[in-house]
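Source file coords.txt; content: compact mmCIF, C-alpha atoms.
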```
# COMPACT_ATOMS: atom_id res chain seq x y z
CA MET S 1 -13.10 -4.99 15.00
CA LYS S 2 -13.44 -1.31 14.10
CA PRO S 3 -11.04 0.88 12.14
CA THR S 4 -8.78 3.12 14.12
CA THR S 5 -7.16 6.45 13.40
CA ILE S 6 -3.72 6.68 11.79
CA SER S 7 -1.77 9.93 11.61
CA ARG S 8 1.72 10.61 10.35
CA SER S 9 4.09 13.45 9.61
CA ALA S 10 6.81 14.49 7.21
CA ALA S 11 9.43 13.67 9.83
CA ALA S 12 8.44 10.00 9.79
CA CYS S 13 9.03 9.80 6.07
CA ALA S 14 12.42 11.46 6.31
CA ALA S 15 13.55 9.04 8.98
CA ALA S 16 12.38 6.10 6.90
CA VAL S 17 14.62 7.18 4.03
CA VAL S 18 17.63 6.75 6.27
CA LEU S 19 16.37 3.37 7.44
CA ALA S 20 15.93 2.21 3.85
CA ALA S 21 19.45 3.22 2.94
CA CYS S 22 20.91 1.51 6.00
CA ALA S 23 18.99 -1.71 5.39
CA SER S 24 20.00 -1.80 1.75
CA SER S 25 23.69 -1.37 2.48
CA SER S 26 24.11 -3.44 5.62
CA SER S 27 22.09 -6.60 4.98
CA SER S 28 23.54 -9.49 3.11
CA GLY S 29 22.78 -13.08 2.43
CA GLY S 30 24.30 -16.36 1.44
CA GLY S 31 23.60 -20.05 1.48
CA GLY S 32 20.49 -21.79 0.21
CA GLY S 33 16.80 -21.94 0.94
CA GLY S 34 16.62 -18.41 2.31
CA ASN S 35 19.27 -19.04 4.94
CA THR S 36 22.38 -16.89 5.14
CA ALA S 37 25.86 -18.00 6.10
CA SER S 38 25.02 -16.98 9.67
CA GLY S 39 22.03 -19.33 9.71
CA LYS S 40 19.41 -16.60 9.39
CA ILE S 41 16.32 -16.67 7.18
CA THR S 42 16.22 -13.83 4.67
CA TYR S 43 13.16 -11.97 3.40
CA GLY S 44 13.45 -9.36 0.66
CA VAL S 45 11.75 -5.96 0.60
CA LEU S 46 11.49 -5.01 -3.06
CA SER S 47 10.21 -1.52 -3.79
CA CYS S 48 11.04 2.01 -4.90
CA PHE S 49 13.42 3.54 -2.37
CA THR S 50 14.47 6.31 -4.73
CA GLY S 51 12.55 8.39 -7.26
CA ARG S 52 9.29 10.26 -7.10
CA LEU S 53 7.41 7.41 -5.34
CA ALA S 54 10.09 6.57 -2.76
CA SER S 55 7.52 7.00 0.02
CA LEU S 56 6.00 3.64 -0.99
CA GLY S 57 9.23 1.79 -0.27
CA GLN S 58 9.80 3.67 2.96
CA ALA S 59 6.43 2.54 4.30
CA MET S 60 6.98 -1.04 3.16
CA LEU S 61 10.34 -1.24 4.89
CA GLN S 62 9.03 0.32 8.08
CA GLY S 63 6.22 -2.23 8.45
CA SER S 64 8.58 -5.09 7.61
CA GLN S 65 11.09 -3.99 10.24
CA VAL S 66 8.41 -3.94 12.94
CA ALA S 67 7.32 -7.45 11.96
CA VAL S 68 10.87 -8.85 11.95
CA SER S 69 11.49 -7.42 15.41
CA GLU S 70 8.34 -9.15 16.69
CA ILE S 71 9.27 -12.44 15.00
CA ASN S 72 12.83 -12.46 16.31
CA SER S 73 11.73 -11.63 19.88
CA ALA S 74 9.56 -14.79 19.70
CA GLY S 75 12.50 -16.98 18.63
CA GLY S 76 12.45 -16.43 14.89
CA VAL S 77 11.20 -18.75 12.15
CA LEU S 78 11.96 -22.45 12.42
CA GLY S 79 14.36 -21.59 15.23
CA ARG S 80 16.31 -19.10 13.08
CA LYS S 81 16.38 -15.31 13.24
CA VAL S 82 15.00 -13.37 10.30
CA GLN S 83 16.79 -10.58 8.49
CA LEU S 84 15.74 -8.23 5.69
CA VAL S 85 17.49 -7.28 2.48
CA THR S 86 16.21 -4.50 0.24
CA GLY S 87 16.11 -4.01 -3.50
CA ASP S 88 15.49 -0.61 -5.06
CA THR S 89 13.25 -0.84 -8.14
CA SER S 90 12.76 2.94 -8.55
CA CYS S 91 9.22 1.88 -9.55
CA ASP S 92 10.60 0.99 -12.99
CA VAL S 93 10.35 -2.34 -14.83
CA ALA S 94 13.98 -2.49 -15.94
CA ASP S 95 15.32 -1.43 -12.54
CA GLY S 96 12.92 -3.89 -10.94
CA VAL S 97 14.36 -6.78 -12.95
CA THR S 98 17.90 -5.81 -11.97
CA ALA S 99 16.99 -5.42 -8.30
CA THR S 100 15.19 -8.78 -8.25
CA ASN S 101 18.08 -10.66 -9.81
CA GLN S 102 20.48 -9.06 -7.32
CA MET S 103 18.16 -9.95 -4.44
CA LEU S 104 18.01 -13.59 -5.51
CA THR S 105 21.80 -13.84 -5.08
CA LYS S 106 21.14 -13.29 -1.37
CA ASN S 107 18.97 -16.43 -1.21
CA VAL S 108 15.72 -14.81 -0.12
CA SER S 109 12.96 -17.22 0.81
CA GLY S 110 10.16 -14.70 0.29
CA VAL S 111 9.65 -11.20 -1.09
CA ILE S 112 7.55 -8.30 0.17
CA GLY S 113 6.66 -6.13 -2.84
CA PRO S 114 7.02 -4.81 -5.44
CA GLU S 115 4.59 -2.14 -6.70
CA THR S 116 2.33 -2.13 -9.75
CA GLN S 117 4.80 -0.34 -12.02
CA GLU S 118 7.40 -3.11 -11.99
CA ILE S 119 5.44 -6.29 -11.23
CA ASN S 120 5.25 -7.43 -14.88
CA GLY S 121 9.04 -7.69 -15.00
CA VAL S 122 9.49 -9.07 -11.50
CA GLU S 123 6.78 -11.74 -11.30
CA PRO S 124 8.20 -14.14 -13.93
CA ILE S 125 11.60 -14.11 -12.23
CA LEU S 126 10.18 -14.88 -8.79
CA ASP S 127 7.91 -17.56 -10.23
CA SER S 128 10.76 -19.31 -12.03
CA ASN S 129 12.67 -19.40 -8.75
CA HIS S 130 9.61 -20.56 -6.78
CA VAL S 131 9.74 -17.55 -4.44
CA VAL S 132 6.57 -16.50 -2.61
CA ASP S 133 5.68 -12.91 -3.47
CA GLU S 134 3.66 -10.73 -1.06
CA PHE S 135 2.70 -8.15 -3.70
CA GLN S 136 2.09 -4.62 -2.39
CA GLY S 137 0.64 -2.98 -5.52
CA GLY S 138 -2.94 -2.16 -6.44
CA ASP S 139 -2.83 -3.44 -10.04
CA THR S 140 -6.45 -4.18 -11.01
CA ALA S 141 -5.25 -6.60 -13.70
CA ARG S 142 -4.46 -9.00 -10.86
CA ASP S 143 -7.91 -9.02 -9.32
CA HIS S 144 -8.47 -12.45 -10.90
CA GLN S 145 -4.88 -13.71 -11.13
CA THR S 146 -3.94 -17.40 -10.89
CA ASP S 147 -0.23 -17.31 -9.98
CA PRO S 148 0.17 -19.76 -7.04
CA PHE S 149 3.20 -17.87 -5.66
CA PHE S 150 1.42 -14.50 -5.68
CA PHE S 151 -0.39 -13.15 -2.59
CA ARG S 152 -1.71 -9.60 -2.24
CA ASP S 153 -2.30 -8.65 1.39
CA SER S 154 -3.23 -5.04 0.50
CA PRO S 155 -6.51 -4.40 -1.33
CA SER S 156 -6.62 -3.81 -5.08
CA ASP S 157 -6.83 -0.32 -6.56
CA SER S 158 -10.28 -1.34 -7.75
CA GLN S 159 -11.31 -1.15 -4.07
CA LEU S 160 -9.42 2.10 -3.54
CA GLY S 161 -11.13 3.57 -6.59
CA VAL S 162 -14.50 2.53 -5.17
CA ALA S 163 -13.57 4.11 -1.82
CA MET S 164 -12.59 7.41 -3.47
CA ALA S 165 -15.84 7.60 -5.42
CA LEU S 166 -17.90 6.56 -2.40
CA TYR S 167 -16.30 9.23 -0.23
CA GLY S 168 -17.09 11.82 -2.90
CA HIS S 169 -20.70 10.64 -2.95
CA LEU S 170 -20.89 10.81 0.84
CA GLN S 171 -19.76 14.45 0.61
CA HIS S 172 -22.75 15.05 -1.71
CA TYR S 173 -20.63 15.74 -4.78
CA THR S 174 -22.42 14.91 -8.05
CA ARG S 175 -20.13 16.55 -10.67
CA ALA S 176 -16.51 15.43 -10.91
CA VAL S 177 -13.39 15.72 -13.05
CA MET S 178 -10.82 12.91 -13.07
CA LEU S 179 -7.27 14.27 -13.34
CA PHE S 180 -4.55 11.60 -13.30
CA TYR S 181 -1.02 11.40 -14.62
CA SER S 182 -0.07 8.86 -17.25
CA ASP S 183 1.80 6.46 -14.92
CA PRO S 184 0.41 2.89 -15.36
CA ALA S 185 -0.41 2.59 -11.65
CA ALA S 186 -2.53 5.75 -11.80
CA GLN S 187 -4.41 4.60 -14.87
CA THR S 188 -5.84 1.61 -12.99
CA PHE S 189 -8.07 3.99 -11.03
CA LEU S 190 -10.00 5.42 -13.98
CA LYS S 191 -12.50 2.61 -14.39
CA PRO S 192 -13.40 1.90 -10.72
CA VAL S 193 -13.69 5.61 -9.86
CA SER S 194 -15.87 6.48 -12.85
CA GLN S 195 -18.07 3.38 -12.68
CA THR S 196 -18.68 3.71 -8.93
CA PHE S 197 -19.32 7.45 -9.02
CA THR S 198 -21.77 6.96 -11.89
CA LYS S 199 -23.51 4.09 -10.10
CA LEU S 200 -24.00 6.34 -7.08
CA GLY S 201 -25.67 9.01 -9.20
CA GLY S 202 -22.70 11.21 -10.06
CA THR S 203 -21.41 12.47 -13.41
CA ILE S 204 -17.82 12.43 -14.63
CA LEU S 205 -17.55 15.67 -16.58
CA LYS S 206 -14.02 15.22 -17.94
CA THR S 207 -11.16 12.74 -17.76
CA ILE S 208 -7.84 14.56 -18.08
CA ILE S 209 -4.53 12.68 -18.37
CA VAL S 210 -1.30 14.64 -17.92
CA THR S 211 2.30 13.74 -18.70
CA PRO S 212 4.35 13.88 -15.49
CA ASP S 213 6.93 16.49 -14.58
CA GLN S 214 6.08 19.18 -17.16
CA THR S 215 6.73 22.87 -16.47
CA SER S 216 3.12 23.88 -17.15
CA TYR S 217 -0.36 22.38 -17.47
CA LEU S 218 -2.30 25.57 -18.15
CA SER S 219 -4.43 24.12 -20.95
CA GLN S 220 -5.45 21.10 -18.85
CA VAL S 221 -6.11 23.28 -15.81
CA ARG S 222 -8.33 25.62 -17.85
CA GLU S 223 -10.21 22.59 -19.21
CA ALA S 224 -10.81 21.25 -15.70
CA ILE S 225 -11.98 24.58 -14.27
CA ALA S 226 -14.25 25.24 -17.27
CA ALA S 227 -16.11 21.98 -16.54
CA ARG S 228 -17.19 23.48 -13.18
CA PRO S 229 -16.63 20.34 -11.07
CA GLN S 230 -17.58 20.01 -7.42
CA VAL S 231 -14.60 17.70 -6.88
CA ILE S 232 -11.47 16.43 -8.65
CA PHE S 233 -10.38 12.79 -8.30
CA THR S 234 -6.61 12.51 -8.70
CA GLN S 235 -3.23 10.84 -8.51
CA GLU S 236 0.09 12.23 -9.70
CA ASP S 237 3.63 12.47 -8.43
CA PRO S 238 4.76 15.41 -6.21
CA PRO S 239 6.54 17.49 -8.89
CA THR S 240 3.50 17.28 -11.18
CA ALA S 241 1.18 18.10 -8.30
CA ALA S 242 3.22 21.17 -7.39
CA VAL S 243 2.72 22.65 -10.85
CA LEU S 244 -0.97 21.67 -11.08
CA PHE S 245 -2.00 23.12 -7.74
CA ARG S 246 -0.04 26.32 -8.38
CA GLU S 247 -1.75 26.82 -11.73
CA PHE S 248 -5.21 26.03 -10.34
CA ARG S 249 -4.57 28.78 -7.82
CA GLN S 250 -3.38 31.20 -10.53
CA LEU S 251 -6.50 30.57 -12.64
CA GLY S 252 -8.98 30.87 -9.76
CA GLY S 253 -9.60 27.18 -9.11
CA GLN S 254 -7.97 27.10 -5.67
CA SER S 255 -11.19 26.27 -3.79
CA ILE S 256 -12.12 23.09 -5.70
CA PRO S 257 -11.92 20.02 -3.40
CA TRP S 258 -9.60 17.16 -4.42
CA ILE S 259 -9.88 13.47 -3.48
CA GLY S 260 -6.63 11.55 -4.01
CA THR S 261 -5.11 8.10 -3.56
CA ASP S 262 -2.57 7.00 -0.95
CA VAL S 263 0.18 8.59 -3.07
CA THR S 264 -1.28 12.03 -2.32
CA SER S 265 -0.78 11.46 1.41
CA GLY S 266 3.02 11.21 1.18
CA SER S 267 5.09 13.89 2.89
CA ASP S 268 6.79 14.81 -0.40
CA TYR S 269 3.38 15.34 -2.00
CA LEU S 270 2.06 17.45 0.87
CA LYS S 271 5.20 19.57 0.85
CA ALA S 272 4.97 19.99 -2.93
CA ILE S 273 1.47 21.44 -2.86
CA THR S 274 2.13 23.10 0.58
CA TYR S 275 0.57 22.06 3.86
CA PRO S 276 -1.98 24.93 3.93
CA THR S 277 -3.26 23.92 0.47
CA ALA S 278 -3.48 20.25 1.45
CA HIS S 279 -5.32 21.18 4.65
CA ALA S 280 -7.78 23.36 2.72
CA VAL S 281 -8.74 21.19 -0.25
CA LEU S 282 -7.17 17.69 -0.29
CA THR S 283 -8.54 14.44 1.13
CA SER S 284 -6.39 11.31 0.66
CA VAL S 285 -8.03 7.88 0.72
CA TYR S 286 -6.15 4.70 1.64
CA GLY S 287 -6.44 1.49 3.63
CA THR S 288 -6.67 1.86 7.37
CA SER S 289 -5.93 -0.36 10.34
CA VAL S 290 -8.46 -1.99 12.63
CA THR S 291 -8.57 -1.92 16.39
CA GLY S 292 -7.74 -5.12 18.22
CA ALA S 293 -4.83 -7.17 19.48
CA ALA S 294 -2.93 -7.26 16.16
CA ASN S 295 -2.98 -3.51 15.65
CA THR S 296 -2.15 -2.91 19.32
CA ALA S 297 0.90 -5.18 19.01
CA PHE S 298 1.93 -3.41 15.80
CA ILE S 299 1.58 0.11 17.24
CA ASN S 300 3.24 -0.75 20.58
CA LEU S 301 6.28 -2.28 18.89
CA PHE S 302 6.42 0.54 16.35
CA ASN S 303 6.56 3.03 19.22
CA GLN S 304 9.45 1.11 20.78
CA LEU S 305 11.43 0.91 17.54
CA PHE S 306 10.70 4.45 16.36
CA PRO S 307 10.19 6.53 19.53
CA GLY S 308 10.80 9.77 17.67
CA GLN S 309 7.85 9.00 15.38
CA LYS S 310 5.41 7.96 18.10
CA ALA S 311 3.25 11.07 17.78
CA ALA S 312 2.97 10.78 14.01
CA GLY S 313 2.42 7.03 13.89
CA PRO S 314 3.36 4.51 11.17
CA LEU S 315 3.56 5.53 7.53
CA ALA S 316 0.49 4.88 5.39
CA ASN S 317 0.38 1.24 4.24
CA ALA S 318 3.14 0.10 6.63
CA ASN S 319 0.54 -2.13 8.29
CA TYR S 320 0.15 -4.16 5.07
CA ALA S 321 3.87 -4.94 4.92
CA TYR S 322 3.80 -5.83 8.62
CA ASP S 323 1.00 -8.35 8.03
CA ALA S 324 2.75 -9.69 4.93
CA VAL S 325 5.92 -10.53 6.86
CA ILE S 326 4.04 -12.04 9.82
CA SER S 327 1.86 -14.22 7.59
CA LEU S 328 4.85 -15.35 5.51
CA ALA S 329 6.73 -16.32 8.65
CA LEU S 330 3.74 -18.24 10.01
CA ALA S 331 3.37 -20.07 6.69
CA ASP S 332 7.05 -21.08 6.92
CA ASP S 333 6.43 -22.33 10.46
CA TYR S 334 3.35 -24.27 9.44
CA ALA S 335 5.08 -25.79 6.41
CA LYS S 336 8.21 -26.54 8.48
CA THR S 337 10.29 -25.29 5.55
CA THR S 338 11.11 -22.15 3.57
CA ASN S 339 10.64 -24.01 0.28
CA GLY S 340 8.51 -21.66 -1.80
CA THR S 341 6.32 -24.29 -3.44
CA THR S 342 5.34 -25.80 -0.08
CA VAL S 343 4.92 -22.43 1.64
CA ALA S 344 2.72 -21.06 -1.16
CA HIS S 345 0.47 -24.09 -0.82
CA ASP S 346 0.19 -23.56 2.95
CA MET S 347 -0.22 -19.76 3.07
CA THR S 348 -4.01 -19.75 3.34
CA LYS S 349 -3.83 -22.45 6.04
CA VAL S 350 -2.52 -19.82 8.46
CA THR S 351 -4.54 -16.82 7.24
CA ASP S 352 -8.00 -18.06 6.30
CA PRO S 353 -10.84 -19.58 8.35
CA PRO S 354 -11.67 -21.98 9.77
CA GLY S 355 -9.21 -21.91 12.63
CA THR S 356 -8.47 -20.36 15.98
CA ALA S 357 -8.12 -16.59 15.63
CA CYS S 358 -4.73 -15.27 16.73
CA TYR S 359 -3.31 -11.77 16.55
CA THR S 360 0.42 -11.83 17.29
CA TYR S 361 3.30 -13.88 15.94
CA SER S 362 4.10 -15.48 19.30
CA SER S 363 0.50 -16.53 20.04
CA CYS S 364 0.00 -17.89 16.52
CA LEU S 365 3.31 -19.77 16.63
CA ALA S 366 2.36 -21.38 19.95
CA LEU S 367 -0.89 -22.65 18.42
CA ILE S 368 0.93 -24.02 15.36
CA LYS S 369 3.40 -25.88 17.60
CA ALA S 370 0.44 -27.32 19.52
CA GLY S 371 -1.04 -28.64 16.29
CA THR S 372 -3.94 -26.16 16.25
CA LYS S 373 -5.26 -24.77 12.96
CA ILE S 374 -4.89 -20.97 13.10
CA ASN S 375 -6.55 -17.96 11.44
CA TYR S 376 -4.18 -14.98 11.65
CA GLU S 377 -6.07 -11.70 11.98
CA GLY S 378 -3.77 -8.83 11.06
CA ALA S 379 -3.28 -5.16 11.87
CA SER S 380 -4.73 -4.26 8.47
CA GLY S 381 -7.75 -6.55 8.74
CA ASP S 382 -8.69 -10.21 8.66
CA LEU S 383 -6.18 -11.07 5.87
CA ASP S 384 -8.50 -13.70 4.38
CA TYR S 385 -7.39 -14.49 0.83
CA ASN S 386 -10.04 -15.24 -1.79
CA GLN S 387 -9.62 -17.76 -4.63
CA TYR S 388 -7.39 -15.26 -6.46
CA ASN S 389 -5.10 -14.70 -3.45
CA ASN S 390 -6.47 -11.18 -2.95
CA THR S 391 -7.66 -9.60 0.31
CA PHE S 392 -10.18 -6.90 1.26
CA GLY S 393 -10.31 -4.32 4.01
CA PRO S 394 -11.58 -0.96 5.26
CA TYR S 395 -10.53 2.40 3.85
CA GLY S 396 -10.16 5.74 5.57
CA ALA S 397 -10.38 9.31 4.31
CA PHE S 398 -7.47 11.37 5.68
CA LYS S 399 -6.94 15.12 5.83
CA ALA S 400 -3.69 16.91 6.62
CA THR S 401 -3.48 19.37 9.46
CA ALA S 402 -1.92 22.79 8.83
CA ALA S 403 1.33 21.23 10.10
CA GLY S 404 1.21 18.40 7.55
CA VAL S 405 0.04 15.55 9.82
CA GLU S 406 -2.49 13.20 8.23
CA GLN S 407 -5.52 12.50 10.43
CA GLN S 408 -8.34 10.09 9.71
CA ALA S 409 -11.61 11.88 9.10
CA TYR S 410 -13.89 9.07 7.92
CA VAL S 411 -13.97 5.27 7.65
CA MET S 412 -15.60 3.07 5.01
CA SER S 413 -15.95 -0.59 5.97
CA ALA S 414 -15.32 -3.49 3.61
CA SER S 415 -19.05 -4.31 3.59
CA VAL S 416 -20.02 -0.73 2.72
CA LEU S 417 -17.45 -0.71 -0.09
CA ALA S 418 -18.78 -4.03 -1.39
CA ALA S 419 -22.28 -2.56 -1.56
CA ALA S 420 -21.02 0.45 -3.54
CA THR S 421 -18.98 -1.62 -6.01
CA PRO S 422 -20.52 -1.69 -9.53
```

Could you write out this structure as C-alpha cells?
Amino acid sequence: MKPTTISRSAAACAAAVVLAACASSSSSGGGGGGNTASGKITYGVLSCFTGRLASLGQAMLQGSQVAVSEINSAGGVLGRKVQLVTGDTSCDVADGVTATNQMLTKNVSGVIGPETQEINGVEPILDSNHVVDEFQGGDTARDHQTDPFFFRDSPSDSQLGVAMALYGHLQHYTRAVMLFYSDPAAQTFLKPVSQTFTKLGGTILKTIIVTPDQTSYLSQVREAIAARPQVIFTQEDPPTAAVLFREFRQLGGQSIPWIGTDVTSGSDYLKAITYPTAHAVLTSVYGTSVTGAANTAFINLFNQLFPGQKAAGPLANANYAYDAVISLALADDYAKTTNGTTVAHDMTKVTDPPGTACYTYSSCLALIKAGTKINYEGASGDLDYNQYNNTFGPYGAFKATAAGVEQQAYVMSASVLAAATP
C-alpha cells in the first residue's frame, strides 16, 4: 500500500470544536463492564478539547466518531451499540487526572488517548482499573514501555523527529537551528531531530528553548538569525508562534524555511502565523494515511458524516484514532468480553500477523465469527504492534496553500525512516 494525500482546512477544525462540545455534554454512561444503562458499550476519548492544543482532541474525536459509526452500522460490538464519552484534559496532568476519574464513573471499557503531557498522571489510574489505553501521544519515554494495558497506534515522536530531520536532509539543508518551546511534549523531539540530522551529515548550530506565551522573544530570534541557519526545526503553541514569526519578520529572518511537527499544521497555528507566511516558509511533518480498502472506508464514511468538510478531508491524526477504536472493538469481539485484562491480552491477536488481512470492521468481524485468525490493516498503516506495544508508519511533509489548506508534498515510508534512524 502507498501513502495517499491528506488535506484539511481551518473550517474542519472549527466544526470539530462543536462536535467535541456536543459529545462531551450529551454522552453518558452507567452500569458495569463498559455497558451503559441502555445496554451500550462505552469508549472514552480522553484529550485536550480546550487550551492551546485543542486541535489534538478535535482530531481524536473526529476519527473516533467515524469508527463508531462504522462499528454500529455493522451491528456493534458483542451485539451492542457503541457510544463515546469525552474527557477534557486541557493537556495538563492535574486536569487529566480529574477527567480520567470522571470518565471512569461512566464505566468505559477502553480509552482513546490521552496525549504526552498528561499520560504520567492518567496511566496509573487506567492501569489500576484494568482499562485498555490506546495512547495517542508521541512520548519517546514509552518507546520501550512494558505496561500490558498500553497500546500506541500512532508512531512515537522519535519517528516524527527522524522524519523531520530526514525531510530537511532531502531538501539539501546542512545547517539548522532547533527552536522549541519548553512544553514536555516538544522536548521529546530534541534528541531524535539532532541525532538524525547529524547522522545524515548536517550540523545543529543552536538549540533554543523558549517559554511559551511571552510578549517578545527578540533575544532568541536574534540568536537564531545570527547563526545563519538554512532551516529551523520547531514546535510551539500558536500564541508563541505568532510572536516568533512576527519578530523574525521584523529582524529580517522572514525567508528562513521552517520544518515543524503535527502541531504546526493546526488551523489555529496557521492562522496565528498567517496563511501567507505558512505557505511561504513552513512545512509540517506528520503521519499520513495509506491507500487501500481501510483508508477508502475511512474517507468514504468521513465524507458521509461530515459532508461540509469533504473538500478539506479529515483532520491530521484522525486516522490514528479511527484505527484505535476499530482495533479495540475487534479485540473485544475476539475476546468475547470487554474485560480489560482479557482484551489487552488479545489485542495483538487481531492486529498482528499471521492472519487473514482485513480492512473494515464488518469484514474483520465476519472472519472472527467464522473462527478465522485476522490481521487488521488500518487506514494509518498495518497497525502491527512490536514487543513494546508500539507501531510504525509512513510520514508526510505538508505545506499550506495560500488559503490555509494543508496539502501533502512528500512521503517518507517506514522503511526509509528506519534506514535514517540513528

Would you mind listing what lies within 12 Å of segment 150-152 of chain S as a PyMOL selection string, with all atoms listed in the file counted and same-chain residues fewer than 5 positions away left out? chain S and resi 110-116+119+122-124+126-127+130-140+142-145+157+320-321+323-325+327-328+340-341+343-348+351+383-393

Residues just named, written with C-alpha atoms as a PDB file, keeping the file's coordinate frame:
```pdb
ATOM      1  CA  GLY S 110      10.160 -14.700   0.290  1.00  0.00           C
ATOM      2  CA  VAL S 111       9.650 -11.200  -1.090  1.00  0.00           C
ATOM      3  CA  ILE S 112       7.550  -8.300   0.170  1.00  0.00           C
ATOM      4  CA  GLY S 113       6.660  -6.130  -2.840  1.00  0.00           C
ATOM      5  CA  PRO S 114       7.020  -4.810  -5.440  1.00  0.00           C
ATOM      6  CA  GLU S 115       4.590  -2.140  -6.700  1.00  0.00           C
ATOM      7  CA  THR S 116       2.330  -2.130  -9.750  1.00  0.00           C
ATOM      8  CA  ILE S 119       5.440  -6.290 -11.230  1.00  0.00           C
ATOM      9  CA  VAL S 122       9.490  -9.070 -11.500  1.00  0.00           C
ATOM     10  CA  GLU S 123       6.780 -11.740 -11.300  1.00  0.00           C
ATOM     11  CA  PRO S 124       8.200 -14.140 -13.930  1.00  0.00           C
ATOM     12  CA  LEU S 126      10.180 -14.880  -8.790  1.00  0.00           C
ATOM     13  CA  ASP S 127       7.910 -17.560 -10.230  1.00  0.00           C
ATOM     14  CA  HIS S 130       9.610 -20.560  -6.780  1.00  0.00           C
ATOM     15  CA  VAL S 131       9.740 -17.550  -4.440  1.00  0.00           C
ATOM     16  CA  VAL S 132       6.570 -16.500  -2.610  1.00  0.00           C
ATOM     17  CA  ASP S 133       5.680 -12.910  -3.470  1.00  0.00           C
ATOM     18  CA  GLU S 134       3.660 -10.730  -1.060  1.00  0.00           C
ATOM     19  CA  PHE S 135       2.700  -8.150  -3.700  1.00  0.00           C
ATOM     20  CA  GLN S 136       2.090  -4.620  -2.390  1.00  0.00           C
ATOM     21  CA  GLY S 137       0.640  -2.980  -5.520  1.00  0.00           C
ATOM     22  CA  GLY S 138      -2.940  -2.160  -6.440  1.00  0.00           C
ATOM     23  CA  ASP S 139      -2.830  -3.440 -10.040  1.00  0.00           C
ATOM     24  CA  THR S 140      -6.450  -4.180 -11.010  1.00  0.00           C
ATOM     25  CA  ARG S 142      -4.460  -9.000 -10.860  1.00  0.00           C
ATOM     26  CA  ASP S 143      -7.910  -9.020  -9.320  1.00  0.00           C
ATOM     27  CA  HIS S 144      -8.470 -12.450 -10.900  1.00  0.00           C
ATOM     28  CA  GLN S 145      -4.880 -13.710 -11.130  1.00  0.00           C
ATOM     29  CA  ASP S 157      -6.830  -0.320  -6.560  1.00  0.00           C
ATOM     30  CA  TYR S 320       0.150  -4.160   5.070  1.00  0.00           C
ATOM     31  CA  ALA S 321       3.870  -4.940   4.920  1.00  0.00           C
ATOM     32  CA  ASP S 323       1.000  -8.350   8.030  1.00  0.00           C
ATOM     33  CA  ALA S 324       2.750  -9.690   4.930  1.00  0.00           C
ATOM     34  CA  VAL S 325       5.920 -10.530   6.860  1.00  0.00           C
ATOM     35  CA  SER S 327       1.860 -14.220   7.590  1.00  0.00           C
ATOM     36  CA  LEU S 328       4.850 -15.350   5.510  1.00  0.00           C
ATOM     37  CA  GLY S 340       8.510 -21.660  -1.800  1.00  0.00           C
ATOM     38  CA  THR S 341       6.320 -24.290  -3.440  1.00  0.00           C
ATOM     39  CA  VAL S 343       4.920 -22.430   1.640  1.00  0.00           C
ATOM     40  CA  ALA S 344       2.720 -21.060  -1.160  1.00  0.00           C
ATOM     41  CA  HIS S 345       0.470 -24.090  -0.820  1.00  0.00           C
ATOM     42  CA  ASP S 346       0.190 -23.560   2.950  1.00  0.00           C
ATOM     43  CA  MET S 347      -0.220 -19.760   3.070  1.00  0.00           C
ATOM     44  CA  THR S 348      -4.010 -19.750   3.340  1.00  0.00           C
ATOM     45  CA  THR S 351      -4.540 -16.820   7.240  1.00  0.00           C
ATOM     46  CA  LEU S 383      -6.180 -11.070   5.870  1.00  0.00           C
ATOM     47  CA  ASP S 384      -8.500 -13.700   4.380  1.00  0.00           C
ATOM     48  CA  TYR S 385      -7.390 -14.490   0.830  1.00  0.00           C
ATOM     49  CA  ASN S 386     -10.040 -15.240  -1.790  1.00  0.00           C
ATOM     50  CA  GLN S 387      -9.620 -17.760  -4.630  1.00  0.00           C
ATOM     51  CA  TYR S 388      -7.390 -15.260  -6.460  1.00  0.00           C
ATOM     52  CA  ASN S 389      -5.100 -14.700  -3.450  1.00  0.00           C
ATOM     53  CA  ASN S 390      -6.470 -11.180  -2.950  1.00  0.00           C
ATOM     54  CA  THR S 391      -7.660  -9.600   0.310  1.00  0.00           C
ATOM     55  CA  PHE S 392     -10.180  -6.900   1.260  1.00  0.00           C
ATOM     56  CA  GLY S 393     -10.310  -4.320   4.010  1.00  0.00           C
TER      57      GLY S 393
END
```

Might you pull out every residue within 9 Å of segment 45-56 of chain S, with only C-alpha atoms counted and same-chain residues fewer than 5 positions away left off, and present them as a PyMOL selection string? chain S and resi 13+16-17+20-21+61+64+84-92+96+99-100+103+110-115+118+136+237-239+263+266-268+315-318

Near Pro353 of chain S, counting all atoms listed in the file, which residues have an atom at most 9 Å away, once you skip same-chain residues fewer than 6 positions from it, shown as a PDB file with C-alpha atoms, in the coordinates of the input?
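See around00.pdb below for the written result:
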```pdb
ATOM      1  CA  LYS S 373      -5.260 -24.770  12.960  1.00  0.00           C
ATOM      2  CA  ILE S 374      -4.890 -20.970  13.100  1.00  0.00           C
ATOM      3  CA  ASN S 375      -6.550 -17.960  11.440  1.00  0.00           C
ATOM      4  CA  TYR S 376      -4.180 -14.980  11.650  1.00  0.00           C
ATOM      5  CA  ASP S 384      -8.500 -13.700   4.380  1.00  0.00           C
TER       6      ASP S 384
END
```

Quick one: contact table of segment 50-117 of chain S to segment 289-313 of chain S, 8 Å max, nearest atom pair and distance in Å to one decimal per residue, counting all atoms listed in the file, chain and number order, as a tab-separated table?
```
residue	atom	partner	partner_atom	distance
S:Val66	CA	S:Phe302	CA	6.0
S:Ala67	CA	S:Phe298	CA	7.8
S:Glu70	CA	S:Leu301	CA	7.5
```

Can you pull out every residue within 12 Å of Asp333 of chain S, counting all atoms listed in the file, but drop anything in the same chain fewer than 2 positions away, and send it as a ChimeraX atom specification? /S:41,71,75-80,326-331,335-339,342-343,346-347,349-350,361-362,364-371,374

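In this structure, atom CA of Ala409 of chain S sits 16.7 Å away from atom CA of Tyr275 of chain S.
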
Within 6 Å of Thr401 of chain S using all atoms listed in the file, minus same-chain residues under 3 positions, as JSON, numbers by chain: {"S": [279, 404, 405]}

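Interatomic distance, atom CA of Gln250 of chain S to atom CA of Val177 of chain S: 18.6 Å.
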
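Counting all atoms listed in the file and comparing S:Val193, S:Glu247, S:Asp153, S:Tyr269, the residue that lies closest to Asp382 of chain S is S:Asp153.
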
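Between atom CA of Gly44 of chain S and atom CA of Ser109 of chain S the separation is 7.9 Å.
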